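Okay, work.txt now, which holds compact mmCIF, C-alpha atoms and all ligand atoms:
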# COMPACT_ATOMS: atom_id res chain seq x y z
CA MET A 1 -6.54 -14.72 -23.33
CA ASN A 2 -7.34 -18.29 -22.23
CA ALA A 3 -9.45 -18.92 -19.12
CA LEU A 4 -7.36 -20.04 -16.16
CA ASN A 5 -7.12 -23.76 -15.50
CA PHE A 6 -6.58 -24.37 -11.77
CA ASN A 7 -6.05 -28.15 -12.05
CA GLN A 8 -2.91 -29.17 -10.09
CA LYS A 9 -1.71 -25.54 -10.07
CA TRP A 10 -0.63 -23.66 -6.94
CA ILE A 11 -2.98 -20.90 -5.73
CA LEU A 12 -2.40 -18.59 -2.75
CA VAL A 13 -5.49 -17.75 -0.68
CA THR A 14 -5.14 -15.21 2.13
CA GLY A 15 -7.74 -15.19 4.89
CA ALA A 16 -8.35 -18.91 4.35
CA SER A 17 -9.13 -19.68 8.01
CA SER A 18 -12.80 -18.63 7.76
CA GLY A 19 -15.59 -17.22 5.63
CA LEU A 20 -15.06 -16.51 1.95
CA GLY A 21 -11.38 -17.48 1.88
CA TYR A 22 -12.05 -20.81 3.63
CA GLU A 23 -14.87 -21.60 1.22
CA MET A 24 -12.83 -20.64 -1.86
CA ALA A 25 -10.01 -22.89 -0.61
CA GLN A 26 -12.50 -25.75 -0.19
CA GLN A 27 -13.91 -25.31 -3.70
CA LEU A 28 -10.47 -24.83 -5.31
CA ALA A 29 -9.28 -28.12 -3.79
CA ARG A 30 -12.39 -30.25 -4.14
CA LYS A 31 -13.81 -29.03 -7.44
CA TYR A 32 -10.75 -27.76 -9.32
CA LYS A 33 -8.06 -30.00 -7.73
CA ALA A 34 -5.78 -27.01 -7.12
CA ASN A 35 -2.84 -27.13 -4.70
CA LEU A 36 -3.05 -24.36 -2.13
CA ILE A 37 -0.96 -21.98 -0.08
CA VAL A 38 -3.29 -20.88 2.71
CA ALA A 39 -2.53 -17.90 4.94
CA ALA A 40 -4.12 -16.29 8.01
CA ARG A 41 -3.31 -15.77 11.71
CA ARG A 42 -5.14 -18.79 13.19
CA ALA A 43 -2.76 -21.75 12.82
CA ASP A 44 -5.23 -24.31 14.18
CA LYS A 45 -7.86 -23.53 11.53
CA LEU A 46 -5.30 -23.58 8.70
CA ASN A 47 -3.74 -26.86 9.84
CA GLN A 48 -7.19 -28.44 10.12
CA LEU A 49 -7.99 -27.25 6.58
CA LYS A 50 -4.68 -28.70 5.30
CA THR A 51 -5.32 -32.14 6.87
CA GLU A 52 -8.90 -32.25 5.58
CA LEU A 53 -8.11 -31.19 2.00
CA GLU A 54 -5.00 -33.33 1.63
CA GLN A 55 -6.90 -36.42 2.84
CA GLN A 56 -10.22 -35.80 1.12
CA ALA A 57 -9.34 -33.89 -2.08
CA GLY A 58 -5.90 -35.38 -2.75
CA VAL A 59 -4.20 -31.99 -3.20
CA GLN A 60 -1.14 -30.45 -1.52
CA VAL A 61 -1.68 -27.63 0.97
CA LYS A 62 1.05 -25.39 2.38
CA VAL A 63 0.19 -23.42 5.54
CA VAL A 64 1.67 -19.98 6.19
CA VAL A 65 0.66 -18.49 9.54
CA ALA A 66 0.96 -14.74 9.01
CA ASP A 67 -0.46 -11.53 10.41
CA LEU A 68 -0.83 -9.34 7.34
CA SER A 69 -0.84 -6.18 9.43
CA VAL A 70 2.85 -6.92 10.15
CA PRO A 71 5.36 -6.06 7.35
CA GLU A 72 7.75 -8.95 8.19
CA ASP A 73 4.89 -11.44 7.90
CA ILE A 74 4.02 -10.10 4.44
CA ASP A 75 7.66 -10.61 3.37
CA ARG A 76 7.63 -14.16 4.73
CA LEU A 77 4.36 -14.95 2.97
CA LEU A 78 5.86 -13.72 -0.32
CA GLN A 79 8.98 -15.84 0.21
CA GLU A 80 6.88 -18.94 0.93
CA SER A 81 4.58 -18.28 -2.02
CA LEU A 82 7.21 -17.61 -4.65
CA ASN A 83 9.75 -20.28 -3.61
CA GLY A 84 9.34 -24.06 -3.60
CA GLN A 85 6.52 -24.26 -6.15
CA GLN A 86 5.37 -22.48 -9.30
CA LEU A 87 2.65 -20.03 -8.26
CA TYR A 88 -0.25 -19.79 -10.74
CA GLY A 89 -2.83 -17.70 -8.91
CA ALA A 90 -3.40 -15.53 -5.85
CA ILE A 91 -6.59 -14.53 -4.08
CA LEU A 92 -5.93 -11.61 -1.74
CA ASN A 93 -9.00 -12.02 0.40
CA ALA A 94 -7.96 -11.34 4.04
CA GLY A 95 -9.76 -8.33 5.44
CA VAL A 96 -11.25 -6.82 8.60
CA THR A 97 -13.91 -4.26 9.39
CA PHE A 98 -15.04 -2.05 12.23
CA PHE A 99 -18.83 -1.64 12.40
CA GLY A 100 -20.13 1.22 14.54
CA PRO A 101 -19.93 5.02 14.81
CA HIS A 102 -16.51 6.09 13.55
CA ALA A 103 -15.95 8.08 16.76
CA ASP A 104 -16.18 4.81 18.75
CA MET A 105 -13.39 3.09 16.83
CA PRO A 106 -10.79 1.93 19.38
CA ALA A 107 -7.34 3.53 19.19
CA GLY A 108 -5.01 1.54 16.96
CA ASP A 109 -7.80 -0.13 15.00
CA PHE A 110 -7.54 2.34 12.12
CA GLU A 111 -3.87 1.56 11.54
CA ARG A 112 -4.45 -2.20 11.83
CA LEU A 113 -7.35 -2.04 9.39
CA LEU A 114 -5.35 0.02 6.92
CA GLN A 115 -2.33 -2.30 7.18
CA THR A 116 -4.43 -5.42 6.65
CA ASN A 117 -6.90 -4.21 4.01
CA VAL A 118 -4.67 -1.83 2.04
CA VAL A 119 -0.93 -1.98 2.77
CA SER A 120 -0.69 -5.79 2.61
CA VAL A 121 -2.76 -5.90 -0.58
CA VAL A 122 -0.61 -3.29 -2.32
CA ARG A 123 2.65 -4.93 -1.22
CA LEU A 124 1.55 -8.46 -2.15
CA THR A 125 0.06 -7.35 -5.48
CA THR A 126 3.20 -5.38 -6.39
CA GLU A 127 5.52 -8.34 -5.80
CA LEU A 128 3.17 -10.89 -7.35
CA VAL A 129 2.80 -8.77 -10.50
CA LYS A 130 6.63 -8.59 -10.78
CA HIS A 131 6.69 -12.39 -10.54
CA PHE A 132 4.02 -12.93 -13.18
CA GLU A 133 5.42 -10.31 -15.55
CA GLN A 134 8.50 -12.48 -16.15
CA PRO A 135 8.62 -14.18 -19.57
CA GLY A 136 6.75 -17.47 -19.89
CA ARG A 137 4.68 -17.01 -16.72
CA GLU A 138 0.90 -17.37 -16.71
CA GLY A 139 -1.69 -16.73 -14.03
CA GLY A 140 -4.22 -14.51 -12.33
CA ILE A 141 -4.48 -12.36 -9.22
CA MET A 142 -7.82 -11.53 -7.60
CA VAL A 143 -8.28 -8.93 -4.90
CA VAL A 144 -11.41 -9.08 -2.73
CA SER A 145 -12.90 -5.61 -2.43
CA SER A 146 -16.59 -4.99 -1.66
CA MET A 147 -19.70 -3.21 -2.95
CA ALA A 148 -18.81 -0.76 -0.17
CA ALA A 149 -16.14 0.46 -2.61
CA LEU A 150 -18.91 1.55 -4.98
CA PHE A 151 -21.42 2.76 -2.37
CA PRO A 152 -19.65 3.69 0.88
CA VAL A 153 -21.32 2.46 4.03
CA PRO A 154 -21.86 4.80 6.99
CA TYR A 155 -20.74 3.14 10.25
CA GLN A 156 -18.11 1.26 8.24
CA ALA A 157 -16.44 4.41 6.94
CA VAL A 158 -12.80 3.32 7.23
CA TYR A 159 -13.62 -0.13 5.83
CA SER A 160 -15.42 1.45 2.83
CA GLY A 161 -12.39 3.67 2.20
CA THR A 162 -10.00 0.71 2.23
CA LYS A 163 -12.13 -1.26 -0.19
CA ALA A 164 -12.40 1.72 -2.58
CA PHE A 165 -8.61 2.14 -2.44
CA ILE A 166 -7.84 -1.42 -3.45
CA MET A 167 -10.49 -1.40 -6.18
CA SER A 168 -9.02 1.75 -7.76
CA PHE A 169 -5.46 0.51 -7.34
CA VAL A 170 -6.06 -2.86 -8.97
CA ASN A 171 -8.34 -1.52 -11.74
CA ALA A 172 -5.61 0.95 -12.71
CA LEU A 173 -2.72 -1.49 -12.37
CA ALA A 174 -4.55 -4.11 -14.46
CA LEU A 175 -4.16 -1.86 -17.48
CA GLU A 176 -0.40 -1.46 -16.97
CA ILE A 177 0.22 -5.21 -17.28
CA THR A 178 2.35 -6.20 -20.27
CA ASN A 179 2.10 -10.01 -20.00
CA PRO A 180 -1.02 -11.05 -21.96
CA GLN A 181 -1.15 -14.25 -19.87
CA LEU A 182 -1.64 -12.35 -16.61
CA SER A 183 -4.98 -10.95 -15.41
CA LEU A 184 -5.91 -8.80 -12.42
CA THR A 185 -9.47 -9.14 -11.13
CA VAL A 186 -11.38 -7.14 -8.53
CA TYR A 187 -14.13 -9.06 -6.76
CA ALA A 188 -16.73 -6.84 -5.07
CA PRO A 189 -19.38 -8.78 -3.14
CA GLY A 190 -22.30 -7.27 -1.25
CA GLY A 191 -23.06 -8.76 2.18
CA ILE A 192 -22.03 -12.41 2.73
CA ALA A 193 -22.88 -14.68 5.67
CA THR A 194 -19.43 -15.14 7.29
CA GLU A 195 -17.71 -14.49 10.64
CA MET A 196 -17.47 -10.83 9.61
CA THR A 197 -21.26 -10.43 9.61
CA GLU A 198 -22.24 -12.93 12.32
CA GLY A 199 -22.14 -10.47 15.22
CA GLU A 200 -25.42 -9.19 16.68
CA LYS A 201 -24.72 -5.72 15.24
CA PHE A 202 -25.62 -7.20 11.87
CA ASN A 203 -28.90 -8.79 13.11
CA ASP A 204 -31.11 -6.48 11.03
CA LEU A 205 -29.08 -7.02 7.89
CA LYS A 206 -28.87 -10.80 7.93
CA GLY A 207 -31.76 -11.26 5.46
CA TRP A 208 -29.65 -9.60 2.77
CA LEU A 209 -26.58 -11.78 3.11
CA MET A 210 -25.46 -14.09 0.30
CA PRO A 211 -24.60 -17.69 1.27
CA VAL A 212 -20.83 -18.00 1.40
CA ALA A 213 -20.74 -21.00 -0.97
CA GLN A 214 -22.39 -18.92 -3.70
CA ALA A 215 -20.04 -15.96 -3.11
CA ALA A 216 -17.04 -18.31 -3.32
CA HIS A 217 -18.30 -19.98 -6.48
CA GLU A 218 -18.86 -16.65 -8.27
CA GLY A 219 -15.50 -15.35 -7.10
CA LEU A 220 -13.62 -18.35 -8.46
CA ASP A 221 -15.50 -18.08 -11.73
CA ALA A 222 -14.55 -14.37 -12.00
CA LEU A 223 -10.89 -15.23 -11.43
CA GLN A 224 -11.00 -18.12 -13.87
CA GLN A 225 -12.70 -16.03 -16.57
CA ARG A 226 -10.16 -13.24 -15.93
CA LYS A 227 -12.89 -10.65 -15.28
CA TYR A 228 -11.82 -7.06 -14.68
CA ASN A 229 -14.44 -6.31 -12.01
CA HIS A 230 -17.15 -8.61 -10.74
CA VAL A 231 -20.08 -8.08 -8.38
CA PRO A 232 -21.72 -11.42 -7.45
CA GLY A 233 -25.50 -11.94 -7.54
CA ALA A 234 -27.88 -10.69 -10.24
CA LEU A 235 -29.82 -8.66 -7.65
CA ASN A 236 -26.64 -6.89 -6.51
CA ARG A 237 -25.70 -6.12 -10.11
CA ILE A 238 -29.17 -4.84 -11.05
CA GLY A 239 -29.49 -2.92 -7.75
CA GLY A 240 -25.99 -1.49 -8.25
CA ALA A 241 -26.77 -0.30 -11.79
CA PHE A 242 -30.00 1.33 -10.56
CA MET A 243 -28.24 2.93 -7.57
CA LYS A 244 -25.64 4.50 -9.91
CA LEU A 245 -28.46 6.47 -11.55
CA MET A 246 -29.43 8.09 -8.23
CA PRO A 247 -27.58 10.83 -6.35
CA LYS A 248 -24.79 9.20 -4.32
CA LYS A 249 -25.72 11.19 -1.21
CA PHE A 250 -29.24 9.74 -1.31
CA ILE A 251 -28.05 6.14 -1.69
CA VAL A 252 -25.38 6.46 1.02
CA GLY A 253 -28.02 8.11 3.26
CA GLN A 254 -30.36 5.12 2.77
CA LEU A 255 -27.55 2.69 3.63
CA GLY A 256 -26.79 4.80 6.71
CA LYS A 257 -30.44 4.66 7.84
CA THR A 258 -30.49 0.86 7.66
CA TYR A 259 -27.25 0.49 9.58
CA ARG A 260 -28.29 3.14 12.14
CA LYS A 261 -31.52 1.23 12.80
CA SER A 262 -29.59 -2.00 13.30
CA LEU A 263 -27.21 -0.35 15.78
CA ALA A 264 -30.07 1.42 17.64
CA LYS A 265 -32.02 -1.85 18.09
CA LEU A 266 -28.92 -3.40 19.59
CA GLN A 267 -28.52 -0.47 22.05
CA GLU A 268 -32.20 -0.79 23.08
CA SER A 269 -31.84 -4.51 23.75
CA LYS A 270 -28.97 -3.88 26.22
N1 LIG A 301 -18.80 -10.67 4.79
C1 LIG A 301 -19.18 -9.69 3.99
O1 LIG A 301 -20.33 -9.21 4.05
C2 LIG A 301 -18.24 -9.15 2.95
C3 LIG A 301 -18.75 -8.36 1.93
C4 LIG A 301 -17.89 -7.85 0.97
C5 LIG A 301 -16.55 -8.13 1.02
N2 LIG A 301 -16.06 -8.90 2.02
C6 LIG A 301 -14.63 -9.15 2.07
O2 LIG A 301 -14.38 -10.53 1.99
C7 LIG A 301 -13.12 -10.83 2.58
C8 LIG A 301 -13.27 -12.02 3.50
O3 LIG A 301 -14.09 -11.66 4.60
P1 LIG A 301 -15.13 -12.67 5.24
O4 LIG A 301 -16.46 -12.08 5.06
O5 LIG A 301 -14.88 -14.05 4.79
O6 LIG A 301 -14.76 -12.48 6.78
P2 LIG A 301 -14.13 -13.47 7.86
O7 LIG A 301 -14.88 -14.74 7.94
O8 LIG A 301 -13.98 -12.63 9.08
O9 LIG A 301 -12.69 -13.80 7.25
C9 LIG A 301 -11.64 -12.88 7.25
C10 LIG A 301 -10.35 -13.64 7.00
O10 LIG A 301 -9.27 -12.70 6.99
C11 LIG A 301 -8.26 -13.16 7.87
N3 LIG A 301 -7.56 -12.04 8.47
C12 LIG A 301 -8.09 -10.98 9.15
N4 LIG A 301 -7.11 -10.18 9.61
C13 LIG A 301 -5.95 -10.74 9.22
C14 LIG A 301 -4.58 -10.40 9.41
N5 LIG A 301 -4.21 -9.32 10.10
N6 LIG A 301 -3.64 -11.22 8.88
C15 LIG A 301 -3.98 -12.32 8.20
N7 LIG A 301 -5.25 -12.69 7.98
C16 LIG A 301 -6.22 -11.92 8.49
C17 LIG A 301 -9.01 -13.98 8.92
O11 LIG A 301 -8.15 -14.96 9.48
P3 LIG A 301 -7.49 -14.92 10.95
O12 LIG A 301 -8.47 -14.28 11.88
O13 LIG A 301 -7.22 -16.36 11.22
O14 LIG A 301 -6.24 -14.14 10.75
C18 LIG A 301 -10.05 -14.67 8.08
O15 LIG A 301 -9.52 -15.83 7.49
C19 LIG A 301 -12.68 -9.55 3.30
O16 LIG A 301 -11.72 -8.87 2.54
C20 LIG A 301 -13.96 -8.73 3.36
O17 LIG A 301 -13.70 -7.36 3.41
C21 LIG A 301 -16.87 -9.42 3.00
What do you get writing this file as structure tokens?
Amino acid sequence: MNALNFNQKWILVTGASSGLGYEMAQQLARKYKANLIVAARRADKLNQLKTELEQQAGVQVKVVVADLSVPEDIDRLLQESLNGQQLYGAILNAGVTFFGPHADMPAGDFERLLQTNVVSVVRLTTELVKHFEQPGREGGIMVVSSMAALFPVPYQAVYSGTKAFIMSFVNALALEITNPQLSLTVYAPGGIATEMTEGEKFNDLKGWLMPVAQAAHEGLDALQQRKYNHVPGALNRIGGAFMKLMPKKFIVGQLGKTYRKSLAKLQESK
């Protein structure tokens, strides 16, 4: 299977208004000269990204303002992505978390998190795979999971569950694909410095975060090389391999201790 060539191809990036998705959109346009379909809820950020990339990188950018926790918005995003241009790639990156004791999760947040992180990913992947399975089509789909799928994180219990779901789903589906020119990739970063981790709850954990430019670069490389699963950062990969040798309860307990300390410090400072 050839590596993907993004040059002048159309790539969908969800969650492109900030963080990893924004940075992947920037690199896809500036470095690879890809045309983009960018989706998220914040229209102002997406329109600003469109103006900047069209003027500075000479690519075309289509904006789709969509709330992926809403089924009708998912349908509209699919319509916009599959009509009007030939789609070559999709990065399903949009995601949300809740960080804190599970019992404190506000009512309604569980459903919203599940809709955004799981339901939208399954629905988009299902339709995109149908599109790419048609004769003569070529491309790649990458779903952004997390290392939390491999080692679930206490105080982000629902988030960890959603990321494990999409990893299992895509890893299994990847081996049902019949088109040899289509690949499905799962990208599973550890912590990244983005809006998701900028709150003071994460103060104690900030030293561990990967710069977003590096996470975006490794993600695009994983998609391009049609990797099955990819964890960015040598330290994350070595640490992950080592952690797999230890009892899961011990590792998850250690993660829990770190997060508990971070939350406790925040309580004390209030
Ligand atoms: N940061 C980390 O430590 C880390 C680690 C591993 C994996 N990840 C994963 O990386 C992905 C990107 O996260 P990030 O770190 O870049 O966080 P971020 O800066 O908060 O970006 C999240 C993106 O998702 C979009 N989004 C959230 N809810 C949405 C909804 N209902 N509909 C449409 N778009 C929505 C946001 O846009 P709007 O608010 O404009 O809608 C934003 O563009 C997520 O899937 C996350 O789970 C992050």
Dump the neighbourhood of ligand LIG 301 (chain A) as a tab-separated table (two decimals) with C-alpha atoms, in the coordinates of the input: all residues within 7 Å, distances computed on all atoms listed in the file.
chain	number	residue	atom	x	y	z
A	14	THR	CA	-5.14	-15.21	2.13
A	15	GLY	CA	-7.74	-15.19	4.89
A	16	ALA	CA	-8.35	-18.91	4.35
A	17	SER	CA	-9.13	-19.68	8.01
A	18	SER	CA	-12.80	-18.63	7.76
A	19	GLY	CA	-15.59	-17.22	5.63
A	20	LEU	CA	-15.06	-16.51	1.95
A	21	GLY	CA	-11.38	-17.48	1.88
A	22	TYR	CA	-12.05	-20.81	3.63
A	39	ALA	CA	-2.53	-17.90	4.94
A	40	ALA	CA	-4.12	-16.29	8.01
A	41	ARG	CA	-3.31	-15.77	11.71
A	42	ARG	CA	-5.14	-18.79	13.19
A	66	ALA	CA	0.96	-14.74	9.01
A	67	ASP	CA	-0.46	-11.53	10.41
A	68	LEU	CA	-0.83	-9.34	7.34
A	69	SER	CA	-0.84	-6.18	9.43
A	93	ASN	CA	-9.00	-12.02	0.40
A	94	ALA	CA	-7.96	-11.34	4.04
A	95	GLY	CA	-9.76	-8.33	5.44
A	96	VAL	CA	-11.25	-6.82	8.60
A	97	THR	CA	-13.91	-4.26	9.39
A	116	THR	CA	-4.43	-5.42	6.65
A	117	ASN	CA	-6.90	-4.21	4.01
A	144	VAL	CA	-11.41	-9.08	-2.73
A	145	SER	CA	-12.90	-5.61	-2.43
A	146	SER	CA	-16.59	-4.99	-1.66
A	147	MET	CA	-19.70	-3.21	-2.95
A	188	ALA	CA	-16.73	-6.84	-5.07
A	189	PRO	CA	-19.38	-8.78	-3.14
A	190	GLY	CA	-22.30	-7.27	-1.25
A	191	GLY	CA	-23.06	-8.76	2.18
A	192	ILE	CA	-22.03	-12.41	2.73
A	193	ALA	CA	-22.88	-14.68	5.67
A	194	THR	CA	-19.43	-15.14	7.29
A	195	GLU	CA	-17.71	-14.49	10.64
A	196	MET	CA	-17.47	-10.83	9.61
A	197	THR	CA	-21.26	-10.43	9.61
A	209	LEU	CA	-26.58	-11.78	3.11
Counting all atoms listed in the file, which of A:Met246, A:Met24, A:Leu263, A:Ile166 gets nearest to Gly199 (chain A)?
A:Leu263
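The closest residue to Gly100 (chain A), picked from A:Leu28, A:Val170, A:Ala264, A:Ala34 and counting only C-alpha atoms, is A:Ala264.
Between Val118 (chain A) and the residues A:Met167, A:Ile141, A:Ala148, A:Lys130, the shortest atom-to-atom distance, using all atoms listed in the file, involves A:Met167.
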Give me, as a tab-separated table, each residue of region 145-184 of chain A that comes within 10 Å of region 87-92 of chain A, together with its shortest interatomic pair and the distance in Å at one decimal, counting all atoms listed in the file, with rows ordered by chain and rising residue number.
residue	atom	partner	partner_atom	distance
A:Ser145	CA	A:Leu92	CA	9.2
A:Leu182	CA	A:Gly89	CA	9.5
A:Ser183	CA	A:Gly89	CA	9.6
A:Leu184	CA	A:Ala90	CA	9.7
Can you pull out the residues contacting Gly256 (chain A)? Cut-off 10 Å, using only C-alpha atoms, and skip same-chain residues under 5 positions away; I want them as a PyMOL selection string.
chain A and resi 152-156+250-251+261-262
Please return the centre and edge lengths, in Å to one decimal, of a box with edges along x, y and z that contains all listed atoms of region 135-138 of chain A, widened by 4 Å on every side, as JSON.
{"center_x": 4.8, "center_y": -15.8, "center_z": -18.3, "size_x": 15.7, "size_y": 11.3, "size_z": 11.2}
What is the distance between CA of Arg76 (chain A) and CA of Met142 (chain A), in Å to one decimal?
19.9 Å
Out of A:Ala172, A:Leu124, A:Leu113, A:Val63, which residue has the shortest atom-to-atom distance to Ala43 (chain A) when counting only C-alpha atoms?
A:Val63
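Between CA of Gln181 (chain A) and CA of Asn7 (chain A) the interatomic distance comes to 16.7 Å.
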I need the residue nearest Asn236 (chain A) from this list: A:Phe151, A:Phe98, A:Tyr32, A:Trp10. Use all atoms listed in the file for the distance.
A:Phe151
What's the 12 Å shell around Lys248 (chain A), counting only C-alpha atoms, without same-chain residues fewer than 5 positions away, as a ChimeraX atom specification?
/A:150-153,240,242-243,253-255
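Counting all atoms listed in the file and comparing A:Lys50, A:His230, A:Lys45, A:Lys62, the residue that lies closest to Ala215 (chain A) is A:His230.
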Spatial neighbours of Ala29 (chain A), max dist 12 Å, only C-alpha atoms, sep filter under 4 positions, as a VMD selection string
chain A and resid 6 to 13 22 to 25 33 to 38 49 to 50 52 to 61 220
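The space between CA of Met1 (chain A) and CA of Pro180 (chain A) spans 6.8 Å.
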For the point (-8.3, -15.4, -20.3) in the file's frame, write as a compact mmCIF listing (two decimals) with C-alpha atoms, in the coordinates of the input all residues with an atom no more than 7 Å away, counting only C-alpha atoms.
# COMPACT_ATOMS: atom_id res chain seq x y z
CA MET A 1 -6.54 -14.72 -23.33
CA ASN A 2 -7.34 -18.29 -22.23
CA ALA A 3 -9.45 -18.92 -19.12
CA LEU A 4 -7.36 -20.04 -16.16
CA GLN A 225 -12.70 -16.03 -16.57
CA ARG A 226 -10.16 -13.24 -15.93
Rebuild region 110-130 of chain A to N, CA and C atoms - output it as an mmCIF file, in the frame of the given file, please.
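Wrote it out as result-v9.cif, contents follow:
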data_model
loop_
_atom_site.group_PDB
_atom_site.id
_atom_site.type_symbol
_atom_site.label_atom_id
_atom_site.label_comp_id
_atom_site.auth_asym_id
_atom_site.auth_seq_id
_atom_site.Cartn_x
_atom_site.Cartn_y
_atom_site.Cartn_z
ATOM 1 N N PHE A 110 -7.637 1.746 13.462
ATOM 2 C CA PHE A 110 -7.540 2.340 12.120
ATOM 3 C C PHE A 110 -6.265 1.865 11.430
ATOM 4 N N GLU A 111 -5.143 1.950 12.140
ATOM 5 C CA GLU A 111 -3.870 1.560 11.540
ATOM 6 C C GLU A 111 -3.871 0.069 11.172
ATOM 7 N N ARG A 112 -4.421 -0.753 12.087
ATOM 8 C CA ARG A 112 -4.450 -2.200 11.830
ATOM 9 C C ARG A 112 -5.305 -2.516 10.595
ATOM 10 N N LEU A 113 -6.434 -1.826 10.513
ATOM 11 C CA LEU A 113 -7.350 -2.040 9.390
ATOM 12 C C LEU A 113 -6.691 -1.626 8.067
ATOM 13 N N LEU A 114 -6.027 -0.483 8.122
ATOM 14 C CA LEU A 114 -5.350 0.020 6.920
ATOM 15 C C LEU A 114 -4.215 -0.915 6.500
ATOM 16 N N GLN A 115 -3.441 -1.378 7.476
ATOM 17 C CA GLN A 115 -2.330 -2.300 7.180
ATOM 18 C C GLN A 115 -2.848 -3.579 6.539
ATOM 19 N N THR A 116 -3.917 -4.121 7.126
ATOM 20 C CA THR A 116 -4.430 -5.420 6.650
ATOM 21 C C THR A 116 -5.134 -5.265 5.298
ATOM 22 N N ASN A 117 -6.036 -4.297 5.200
ATOM 23 C CA ASN A 117 -6.900 -4.210 4.010
ATOM 24 C C ASN A 117 -6.227 -3.507 2.841
ATOM 25 N N VAL A 118 -5.264 -2.621 3.129
ATOM 26 C CA VAL A 118 -4.670 -1.830 2.040
ATOM 27 C C VAL A 118 -3.184 -2.129 1.869
ATOM 28 N N VAL A 119 -2.383 -1.886 2.930
ATOM 29 C CA VAL A 119 -0.930 -1.980 2.770
ATOM 30 C C VAL A 119 -0.528 -3.392 2.332
ATOM 31 N N SER A 120 -1.086 -4.410 2.980
ATOM 32 C CA SER A 120 -0.690 -5.790 2.610
ATOM 33 C C SER A 120 -1.117 -6.094 1.180
ATOM 34 N N VAL A 121 -2.266 -5.603 0.772
ATOM 35 C CA VAL A 121 -2.760 -5.900 -0.580
ATOM 36 C C VAL A 121 -1.870 -5.225 -1.626
ATOM 37 N N VAL A 122 -1.473 -3.987 -1.357
ATOM 38 C CA VAL A 122 -0.610 -3.290 -2.320
ATOM 39 C C VAL A 122 0.760 -3.968 -2.398
ATOM 40 N N ARG A 123 1.314 -4.314 -1.225
ATOM 41 C CA ARG A 123 2.650 -4.930 -1.220
ATOM 42 C C ARG A 123 2.619 -6.308 -1.884
ATOM 43 N N LEU A 124 1.629 -7.116 -1.550
ATOM 44 C CA LEU A 124 1.550 -8.460 -2.150
ATOM 45 C C LEU A 124 1.304 -8.350 -3.656
ATOM 46 N N THR A 125 0.373 -7.480 -4.048
ATOM 47 C CA THR A 125 0.060 -7.350 -5.480
ATOM 48 C C THR A 125 1.293 -6.892 -6.255
ATOM 49 N N THR A 126 2.010 -5.921 -5.706
ATOM 50 C CA THR A 126 3.200 -5.380 -6.390
ATOM 51 C C THR A 126 4.212 -6.484 -6.657
ATOM 52 N N GLU A 127 4.507 -7.280 -5.640
ATOM 53 C CA GLU A 127 5.520 -8.340 -5.800
ATOM 54 C C GLU A 127 5.010 -9.479 -6.683
ATOM 55 N N LEU A 128 3.722 -9.792 -6.538
ATOM 56 C CA LEU A 128 3.170 -10.890 -7.350
ATOM 57 C C LEU A 128 3.134 -10.488 -8.829
ATOM 58 N N VAL A 129 2.811 -9.238 -9.109
ATOM 59 C CA VAL A 129 2.800 -8.770 -10.500
ATOM 60 C C VAL A 129 4.208 -8.870 -11.080
ATOM 61 N N LYS A 130 5.235 -8.467 -10.306
ATOM 62 C CA LYS A 130 6.630 -8.590 -10.780
ATOM 63 C C LYS A 130 6.922 -10.041 -11.149
#
